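Heads up: the structure comes next, in C-alpha cells.
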Amino acid sequence: MKISAYTTLFILMLVFFTNMPVTDCIAGEGNTSTTKVVSATTQTGLPYAVVTSHSGKGIYTDEQGVFDATVFPAGDSLTFYCVGYERVTRSAGQLPGTIALQPLSRTMNEVVISANTPVKTIPYPKRGMPSTWSSSVGMELATRIPFPPEDSGKLKKLTEVRIRIKQLNEENPCRLHIYAATPADTPGEELLTKDILLTKKDANLIAFRKDLSGEDIYVSSSSVFVGIEWIGHTKRAELKEQGKHIHTAPFLRMTQYIPEIRTYMRFLGGHGWLPEKALPGEKNPANMVVSLSYR
C-alpha cells in the first residue's frame, strides 16, 4: 500500500510540474538579452538571486548574477530578491543592464550569550524515517522546529542545523532558510541576513550540516522554521549538452511519524505556502527530518 501511495504522489507531482513555469529555472542558457543583479555596495553579481513576475513566473540568476530578461513579457512587473537584501520591483520592458539590490539595514540591541552556556540539540525524530522525497528546481520545503517548553520564551542563539538527505549530486546547490513562525504556525520573516548555499561540501553521507554560530540568529519564540530551496545545477547547460540525465534536487529523508503538519511547500513565482498533508492511504503528514542546535 505504501508503494502505491508513493507512486500516486510521484505521478501527481509530474503532472503538476509540467504545468509549472519553473521547469527551467536557471538563467543564462542561450544567446539572449541579459540583465545582471548585483549588490549595491560591492557591485558584484548575486548568484541565484530570485526573479519573479506579477504573472507568476520565476527564475534564478546564474552564478554571476545574470538572467535572461527576454523570458518575461515586456508589460510584466518583475521583483528581484536575494536573502539579506531589499526587494526591488521594475517593469520587464524597461530593465537597465544592471539591477542593484541594497543590503537590509537591520539593527538590533547588543546581545551577549556566554560561551559557557551549554549547547542544546533538538534531535532527529526518534522513530524511523521511511520515505524519501525529491522535487523540482524552484521548490522549497520548510518545517517547523519547536523548542522544548522550558526554553520557550527565552532568548536563544542558533548554532547548527542538520537536514537529513539520502542522495545528493555534485553540482546541485540548495539555499538554506531560517524563518520566524507566524501566529498561524506557518513560515514568516526570514531570519538569515546573508545568503547561505548548501552544496556537496556541506553534506556527509546522511545530512546537510551547517554551522550557524557566526550568523547571530537570536530568537525568543517557541519555534522556528528551517527551509531548503532547490536552485538547480551549476553545470545544467553543460550536462544537457552531454545528454546526461539531470536530477533537479537531492532526495530528502521524510518522516511520517509526526502526527501534526509541520512542513510547508511553495514554488518559485507561486502564491504562498501549502501544507504537506498525509499521502493517500497514510495517517500522518510527511515532514522534513531536521535537527537544530542552540545555546
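We label chains A, B, ... in the order they appear in the C-alpha cells, count residues from 1 in each chain, and number ligands from 1 in the order shown.
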Long-range neighbours of Ile99 in chain A as a PyMOL selection string, 12 Å cut-off, only C-alpha atoms, 4 positions minimum in chain: chain A and resi 34-40+43-46+49+51+61+65-67+69+78-82+86-92+94-95
Pull N, CA and C atoms from the residues just selected and write them as a tab-separated table (two decimals), in the first residue's frame.
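selection.tsv, freshly written:
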```tsv
chain	number	residue	atom	x	y	z
A	34	THR	N	20.41	40.03	-21.68
A	34	THR	CA	20.52	39.68	-20.27
A	34	THR	C	20.61	40.91	-19.39
A	35	THR	N	20.27	40.72	-18.12
A	35	THR	CA	20.39	41.73	-17.09
A	35	THR	C	21.14	41.10	-15.91
A	36	LYS	N	21.93	41.90	-15.22
A	36	LYS	CA	22.72	41.40	-14.10
A	36	LYS	C	22.21	41.98	-12.80
A	37	VAL	N	22.03	41.12	-11.79
A	37	VAL	CA	21.62	41.55	-10.46
A	37	VAL	C	22.86	41.58	-9.58
A	38	VAL	N	23.14	42.76	-8.98
A	38	VAL	CA	24.37	42.94	-8.21
A	38	VAL	C	24.06	43.51	-6.84
A	39	SER	N	25.04	43.41	-5.95
A	39	SER	CA	24.98	44.09	-4.66
A	39	SER	C	25.28	45.56	-4.87
A	40	ALA	N	24.47	46.45	-4.29
A	40	ALA	CA	24.69	47.88	-4.45
A	40	ALA	C	25.96	48.35	-3.76
A	43	GLN	N	28.95	45.90	-5.91
A	43	GLN	CA	28.80	45.83	-7.37
A	43	GLN	C	29.13	44.45	-7.94
A	44	THR	N	29.19	43.44	-7.09
A	44	THR	CA	29.42	42.08	-7.56
A	44	THR	C	28.08	41.38	-7.80
A	45	GLY	N	28.08	40.45	-8.74
A	45	GLY	CA	26.85	39.74	-9.06
A	45	GLY	C	26.36	38.89	-7.91
A	46	LEU	N	25.04	38.77	-7.80
A	46	LEU	CA	24.43	37.95	-6.75
A	46	LEU	C	23.99	36.62	-7.36
A	49	ALA	N	20.07	34.82	-7.41
A	49	ALA	CA	19.04	35.75	-6.94
A	49	ALA	C	17.71	35.36	-7.57
A	51	VAL	N	14.14	36.04	-9.30
A	51	VAL	CA	13.43	36.99	-10.16
A	51	VAL	C	12.03	36.41	-10.39
A	61	THR	N	18.93	33.85	-11.17
A	61	THR	CA	20.11	34.29	-11.91
A	61	THR	C	21.15	33.17	-11.89
A	65	GLY	N	25.10	36.19	-11.38
A	65	GLY	CA	24.01	37.12	-11.14
A	65	GLY	C	23.28	37.54	-12.40
A	66	VAL	N	23.49	36.84	-13.51
A	66	VAL	CA	22.90	37.21	-14.80
A	66	VAL	C	21.66	36.36	-15.08
A	67	PHE	N	20.64	36.98	-15.69
A	67	PHE	CA	19.47	36.22	-16.11
A	67	PHE	C	18.98	36.71	-17.47
A	69	ALA	N	16.48	38.30	-19.63
A	69	ALA	CA	15.35	39.20	-19.44
A	69	ALA	C	14.23	38.97	-20.45
A	78	LEU	N	8.45	42.88	-12.58
A	78	LEU	CA	9.40	41.92	-12.01
A	78	LEU	C	9.85	42.36	-10.62
A	79	THR	N	10.00	41.38	-9.73
A	79	THR	CA	10.53	41.63	-8.38
A	79	THR	C	11.83	40.85	-8.24
A	80	PHE	N	12.86	41.53	-7.74
A	80	PHE	CA	14.18	40.95	-7.55
A	80	PHE	C	14.46	40.81	-6.06
A	81	TYR	N	15.01	39.63	-5.68
A	81	TYR	CA	15.22	39.39	-4.25
A	81	TYR	C	16.38	38.44	-4.05
A	82	CYS	N	17.13	38.69	-2.98
A	82	CYS	CA	18.15	37.77	-2.51
A	82	CYS	C	18.19	37.89	-0.99
A	86	GLU	N	17.18	44.13	0.18
A	86	GLU	CA	15.84	44.68	-0.03
A	86	GLU	C	15.29	44.22	-1.38
A	87	ARG	N	13.99	44.07	-1.43
A	87	ARG	CA	13.34	43.73	-2.70
A	87	ARG	C	13.26	44.96	-3.60
A	88	VAL	N	13.38	44.71	-4.89
A	88	VAL	CA	13.27	45.78	-5.89
A	88	VAL	C	12.29	45.34	-6.96
A	89	THR	N	11.43	46.25	-7.41
A	89	THR	CA	10.46	45.95	-8.45
A	89	THR	C	10.70	46.86	-9.65
A	90	ARG	N	10.72	46.27	-10.86
A	90	ARG	CA	10.93	47.01	-12.09
A	90	ARG	C	10.00	46.47	-13.18
A	91	SER	N	9.75	47.30	-14.19
A	91	SER	CA	8.99	46.85	-15.35
A	91	SER	C	9.89	46.01	-16.25
A	92	ALA	N	9.38	44.87	-16.72
A	92	ALA	CA	10.18	43.99	-17.57
A	92	ALA	C	10.56	44.67	-18.88
A	94	GLN	N	11.40	47.80	-19.26
A	94	GLN	CA	12.30	48.94	-19.07
A	94	GLN	C	13.44	48.59	-18.13
A	95	LEU	N	14.03	47.41	-18.34
A	95	LEU	CA	15.09	46.96	-17.45
A	95	LEU	C	16.43	47.57	-17.85
```
For range 193-200 of chain A, please output as a PyMOL selection string all residues within 12 Å (counting only C-alpha atoms; exclusion window: fewer than 6 positions along the same chain). chain A and resi 39+46-50+63+81-86+103-107+161-163+165+167-179+206-212+214-218+227-234+249-250
Among listed residues A:Gly138, A:Pro275, A:Gly58, A:Gly281, nearest Asp185 in chain A (using only C-alpha atoms):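 Using only C-alpha atoms, the shortest distance to Asp185 in chain A belongs to A:Pro275.
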Name all residues at most 8 Å from Pro123 in chain A (count only C-alpha atoms; drop same-chain ones fewer than 3 positions away) and give them as number ranges by chain. A: 126, 290-292
Selection file, all heavy atoms, as an mmCIF file, in the first residue's frame:
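Resulting contents of part26.cif:
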```cif
data_model
loop_
_atom_site.group_PDB
_atom_site.id
_atom_site.type_symbol
_atom_site.label_atom_id
_atom_site.label_comp_id
_atom_site.auth_asym_id
_atom_site.auth_seq_id
_atom_site.Cartn_x
_atom_site.Cartn_y
_atom_site.Cartn_z
ATOM 1 N N LYS A 126 12.919 10.266 16.810
ATOM 2 C CA LYS A 126 13.481 9.008 17.293
ATOM 3 C C LYS A 126 13.042 7.808 16.468
ATOM 4 O O LYS A 126 13.752 6.819 16.371
ATOM 5 C CB LYS A 126 13.087 8.802 18.764
ATOM 6 C CG LYS A 126 13.717 9.809 19.717
ATOM 7 C CD LYS A 126 13.326 9.537 21.158
ATOM 8 C CE LYS A 126 13.982 10.532 22.093
ATOM 9 N NZ LYS A 126 13.607 10.302 23.509
ATOM 10 N N VAL A 290 14.780 17.201 10.519
ATOM 11 C CA VAL A 290 15.728 18.279 10.828
ATOM 12 C C VAL A 290 16.132 18.198 12.285
ATOM 13 O O VAL A 290 15.317 17.884 13.153
ATOM 14 C CB VAL A 290 15.085 19.658 10.538
ATOM 15 C CG1 VAL A 290 16.055 20.784 10.899
ATOM 16 C CG2 VAL A 290 14.676 19.771 9.086
ATOM 17 N N SER A 291 17.400 18.491 12.549
ATOM 18 C CA SER A 291 17.917 18.636 13.904
ATOM 19 C C SER A 291 18.509 20.032 14.045
ATOM 20 O O SER A 291 19.170 20.533 13.137
ATOM 21 C CB SER A 291 18.978 17.579 14.194
ATOM 22 O OG SER A 291 19.558 17.783 15.473
ATOM 23 N N LEU A 292 18.268 20.679 15.188
ATOM 24 C CA LEU A 292 18.696 22.065 15.385
ATOM 25 C C LEU A 292 19.386 22.198 16.735
ATOM 26 O O LEU A 292 18.909 21.675 17.747
ATOM 27 C CB LEU A 292 17.487 22.999 15.330
ATOM 28 C CG LEU A 292 17.726 24.501 15.326
ATOM 29 C CD1 LEU A 292 18.450 24.920 14.051
ATOM 30 C CD2 LEU A 292 16.404 25.248 15.432
#
```
DSSP-assigned strand (DSSP E or B) among range 28-105 of chain A, expressed as a ChimeraX atom specification: /A:34-39,45,50-53,58-60,66-68,77-81,85,88-91,98-101,103
Might you pull out every residue within 7 Å of Ile145 in chain A, with only C-alpha atoms counted and same-chain residues fewer than 6 positions away left off, and present them as a short mmCIF file (atom, residue, chain, number, x, y, z; two decimals) with all heavy atoms, in the first residue's frame?
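This went into selection_24.cif:
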```
data_model
loop_
_atom_site.label_atom_id
_atom_site.label_comp_id
_atom_site.auth_asym_id
_atom_site.auth_seq_id
_atom_site.Cartn_x
_atom_site.Cartn_y
_atom_site.Cartn_z
N SER A 223 9.24 28.41 18.50
CA SER A 223 9.62 27.57 17.37
C SER A 223 10.18 28.43 16.25
O SER A 223 9.99 29.65 16.22
CB SER A 223 8.41 26.78 16.84
OG SER A 223 7.41 27.66 16.34
N VAL A 224 10.90 27.79 15.32
CA VAL A 224 11.35 28.43 14.08
C VAL A 224 11.11 27.44 12.94
O VAL A 224 10.86 26.26 13.18
CB VAL A 224 12.84 28.81 14.12
CG1 VAL A 224 13.11 29.88 15.16
CG2 VAL A 224 13.72 27.58 14.35
N PHE A 225 11.20 27.94 11.71
CA PHE A 225 11.10 27.08 10.54
C PHE A 225 12.46 26.99 9.87
O PHE A 225 13.14 28.00 9.69
CB PHE A 225 10.09 27.63 9.53
CG PHE A 225 8.67 27.26 9.83
CD1 PHE A 225 7.92 28.00 10.73
CD2 PHE A 225 8.08 26.15 9.23
CE1 PHE A 225 6.61 27.65 11.01
CE2 PHE A 225 6.77 25.79 9.51
CZ PHE A 225 6.03 26.55 10.40
#
```
